[in-house]
Amino acid sequence: MQEKDTIRHLKKGDILYKKGEVADSIYLITQGEFEISHVDGAVLFRPGDVLGIFDAILRGTYTKTAVATTKAQVRFSSVKKDLVAIEGTLTHKLMHSFLLAKDTETPGYWS
């Protein structure tokens, strides 16, 4: 995350992002916890975890909904311009391949 990061405060039950929304930001959890429901149950994310990166890089829309399960805070950064700037480069292709392989190993787990 860089200097252009923004901080967002959420209350328990607030939605960070919804399934189907444009995935143009990634989120670093700095306080609190978030839950993302998957086919085989819910996964809890805690401070230090990053949300939204797989969808932002691989898909362009969020495939799950992230909900704060406690009072929470995230730092977030829009990555749309950054991704457009590197699209088609070797860096982008490698990053995309790596994340796609991880997503294939554990389908639906990654946020």
# chains A, B, ... in the order shown; residues from 1 in each chain; ligands from 1

$ residues_around --residues "A:Leu99" --least-positions-apart "3" --cutoff "9 Å" --atoms "only C-alpha atoms" --output "PyMOL selection string"
chain A and resi 54+57-58+94-96+102-104

$ write_last_selection --atoms "N, CA and C atoms" --output "compact mmCIF listing (two decimals), in the first residue's frame"
# COMPACT_ATOMS: atom_id res chain seq x y z
N PHE A 54 -7.38 -10.74 -5.20
CA PHE A 54 -7.59 -11.73 -6.25
C PHE A 54 -8.64 -11.25 -7.24
N ILE A 57 -7.33 -8.34 -9.48
CA ILE A 57 -6.35 -8.71 -10.50
C ILE A 57 -6.89 -9.74 -11.48
N LEU A 58 -7.66 -10.71 -11.00
CA LEU A 58 -8.10 -11.81 -11.85
C LEU A 58 -9.43 -11.59 -12.55
N LEU A 94 2.86 -12.66 -15.03
CA LEU A 94 3.36 -13.52 -13.96
C LEU A 94 2.46 -13.44 -12.73
N MET A 95 2.09 -12.22 -12.36
CA MET A 95 1.22 -12.03 -11.20
C MET A 95 -0.12 -12.73 -11.43
N HIS A 96 -0.68 -12.56 -12.60
CA HIS A 96 -1.95 -13.17 -12.94
C HIS A 96 -1.84 -14.70 -12.89
N LYS A 102 -3.00 -20.20 -7.49
CA LYS A 102 -3.42 -20.26 -6.08
C LYS A 102 -4.93 -20.42 -5.98
N ASP A 103 -5.66 -19.69 -6.82
CA ASP A 103 -7.11 -19.76 -6.80
C ASP A 103 -7.60 -21.13 -7.24
N THR A 104 -6.88 -21.76 -8.15
CA THR A 104 -7.24 -23.10 -8.63
C THR A 104 -6.98 -24.14 -7.55

$ residues_around --residues "stretch 16-21 of chain A" --least-positions-apart "6" --cutoff "12 Å" --atoms "only C-alpha atoms" --output "ChimeraX atom specification"
/A:8-10,27-29,33-38,51-52,55-56,59-69,71-76,111

$ select_by_dssp --residues "stretch 8-93 of chain A" --states "strand (DSSP E or B)" --output "VMD selection string"
chain A and resid 8 to 10 15 to 17 22 25 to 31 34 to 38 41 to 45 50 to 51 61 66 to 68 72 to 78

$ atom_distance --atom1 "atom CA of A:Ile53" --atom2 "atom CA of A:Phe98"
12.4 Å

$ closest_residue --among "A:Leu44, A:Thr91, A:Asp49, A:Lys80" --to "A:Val22" --atoms "only C-alpha atoms"
A:Lys80

$ closest_residue --among "A:Ser97, A:Thr70, A:Thr89, A:Ser77" --to "A:Gly32" --atoms "only C-alpha atoms"
A:Thr70

$ atom_distance --atom1 "atom CA of A:Leu100" --atom2 "atom CA of A:Asp24"
17.7 Å

$ select_by_dssp --residues "stretch 41-85 of chain A" --states "alpha helix (DSSP H)" --output "list in words"
Ile53, Phe54, Lys80, Lys81, Asp82, Leu83, Val84 and Ala85 of chain A

$ decode --residues "chain A" --atoms "C-alpha atoms" --output "compact mmCIF listing (two decimals), in the first residue's frame"
# COMPACT_ATOMS: atom_id res chain seq x y z
CA MET A 1 0.00 0.00 0.00
CA GLN A 2 1.22 3.47 -0.83
CA GLU A 3 0.79 7.06 0.31
CA LYS A 4 -2.47 7.40 -1.64
CA ASP A 5 -4.10 4.89 0.71
CA THR A 6 -7.29 5.88 2.41
CA ILE A 7 -8.58 4.70 5.78
CA ARG A 8 -12.14 3.49 6.20
CA HIS A 9 -13.84 2.78 9.53
CA LEU A 10 -16.63 0.21 9.69
CA LYS A 11 -19.11 -0.90 12.32
CA LYS A 12 -20.05 -4.51 13.01
CA GLY A 13 -22.30 -5.64 10.15
CA ASP A 14 -21.08 -3.03 7.65
CA ILE A 15 -20.35 -4.33 4.16
CA LEU A 16 -16.86 -3.61 2.86
CA TYR A 17 -17.72 -4.69 -0.68
CA LYS A 18 -20.50 -6.71 -2.33
CA LYS A 19 -20.45 -9.58 -4.77
CA GLY A 20 -20.81 -8.16 -8.29
CA GLU A 21 -19.35 -4.72 -7.56
CA VAL A 22 -16.40 -3.51 -9.62
CA ALA A 23 -13.20 -4.77 -7.95
CA ASP A 24 -11.05 -1.69 -8.23
CA SER A 25 -9.64 -1.56 -4.69
CA ILE A 26 -7.65 -3.77 -2.35
CA TYR A 27 -8.03 -3.60 1.42
CA LEU A 28 -5.53 -4.15 4.23
CA ILE A 29 -7.26 -4.95 7.52
CA THR A 30 -5.68 -2.85 10.28
CA GLN A 31 -8.28 -3.47 13.01
CA GLY A 32 -11.17 -5.85 13.50
CA GLU A 33 -12.33 -8.86 11.55
CA PHE A 34 -14.20 -9.58 8.33
CA GLU A 35 -16.12 -12.61 7.15
CA ILE A 36 -16.43 -13.82 3.60
CA SER A 37 -18.86 -16.68 2.96
CA HIS A 38 -17.76 -19.52 0.72
CA VAL A 39 -19.38 -22.68 -0.54
CA ASP A 40 -17.87 -24.72 2.29
CA GLY A 41 -18.45 -22.14 5.03
CA ALA A 42 -17.30 -18.71 6.11
CA VAL A 43 -13.68 -17.60 6.31
CA LEU A 44 -12.58 -15.05 8.90
CA PHE A 45 -9.96 -12.44 7.99
CA ARG A 46 -7.98 -10.54 10.62
CA PRO A 47 -5.54 -7.61 10.90
CA GLY A 48 -2.71 -8.01 8.40
CA ASP A 49 -4.88 -9.85 5.88
CA VAL A 50 -5.52 -8.33 2.45
CA LEU A 51 -8.98 -8.48 0.91
CA GLY A 52 -10.02 -8.02 -2.70
CA ILE A 53 -6.67 -8.56 -4.38
CA PHE A 54 -7.59 -11.73 -6.25
CA ASP A 55 -10.78 -10.27 -7.65
CA ALA A 56 -9.10 -6.97 -8.56
CA ILE A 57 -6.35 -8.71 -10.50
CA LEU A 58 -8.10 -11.81 -11.85
CA ARG A 59 -11.72 -10.93 -12.38
CA GLY A 60 -12.60 -7.24 -12.29
CA THR A 61 -15.63 -7.78 -10.03
CA TYR A 62 -15.85 -9.01 -6.45
CA THR A 63 -17.00 -12.62 -6.34
CA LYS A 64 -17.93 -12.56 -2.65
CA THR A 65 -19.28 -10.09 -0.09
CA ALA A 66 -17.00 -9.00 2.77
CA VAL A 67 -18.78 -8.10 6.03
CA ALA A 68 -17.25 -6.63 9.20
CA THR A 69 -17.89 -8.99 12.12
CA THR A 70 -16.53 -6.46 14.62
CA LYS A 71 -15.77 -2.76 14.68
CA ALA A 72 -13.05 -2.54 12.02
CA GLN A 73 -10.65 -0.36 10.08
CA VAL A 74 -9.05 -0.92 6.69
CA ARG A 75 -6.52 0.90 4.58
CA PHE A 76 -7.52 0.74 0.96
CA SER A 77 -6.06 1.73 -2.32
CA SER A 78 -7.58 1.90 -5.76
CA VAL A 79 -5.59 -0.33 -8.07
CA LYS A 80 -7.48 0.24 -11.30
CA LYS A 81 -5.02 2.77 -12.75
CA ASP A 82 -2.04 0.71 -11.58
CA LEU A 83 -3.38 -2.45 -13.20
CA VAL A 84 -4.17 -0.69 -16.46
CA ALA A 85 -0.62 0.70 -16.51
CA ILE A 86 0.98 -2.78 -16.28
CA GLU A 87 -1.62 -4.74 -18.27
CA GLY A 88 0.05 -6.97 -20.84
CA THR A 89 3.50 -6.68 -19.29
CA LEU A 90 5.51 -9.64 -18.09
CA THR A 91 4.95 -8.53 -14.48
CA HIS A 92 1.18 -8.57 -14.96
CA LYS A 93 1.24 -11.93 -16.71
CA LEU A 94 3.36 -13.52 -13.96
CA MET A 95 1.22 -12.03 -11.20
CA HIS A 96 -1.95 -13.17 -12.94
CA SER A 97 -0.58 -16.71 -13.47
CA PHE A 98 0.54 -17.03 -9.85
CA LEU A 99 -2.76 -15.84 -8.42
CA LEU A 100 -4.78 -17.98 -10.83
CA ALA A 101 -2.77 -21.06 -9.77
CA LYS A 102 -3.42 -20.26 -6.08
CA ASP A 103 -7.11 -19.76 -6.80
CA THR A 104 -7.24 -23.10 -8.63
CA GLU A 105 -5.60 -24.90 -5.67
CA THR A 106 -8.32 -23.74 -3.29
CA PRO A 107 -11.31 -22.59 -5.38
CA GLY A 108 -13.42 -19.91 -3.79
CA TYR A 109 -11.20 -19.48 -0.74
CA TRP A 110 -9.40 -16.35 -1.76
CA SER A 111 -11.14 -13.04 -1.37
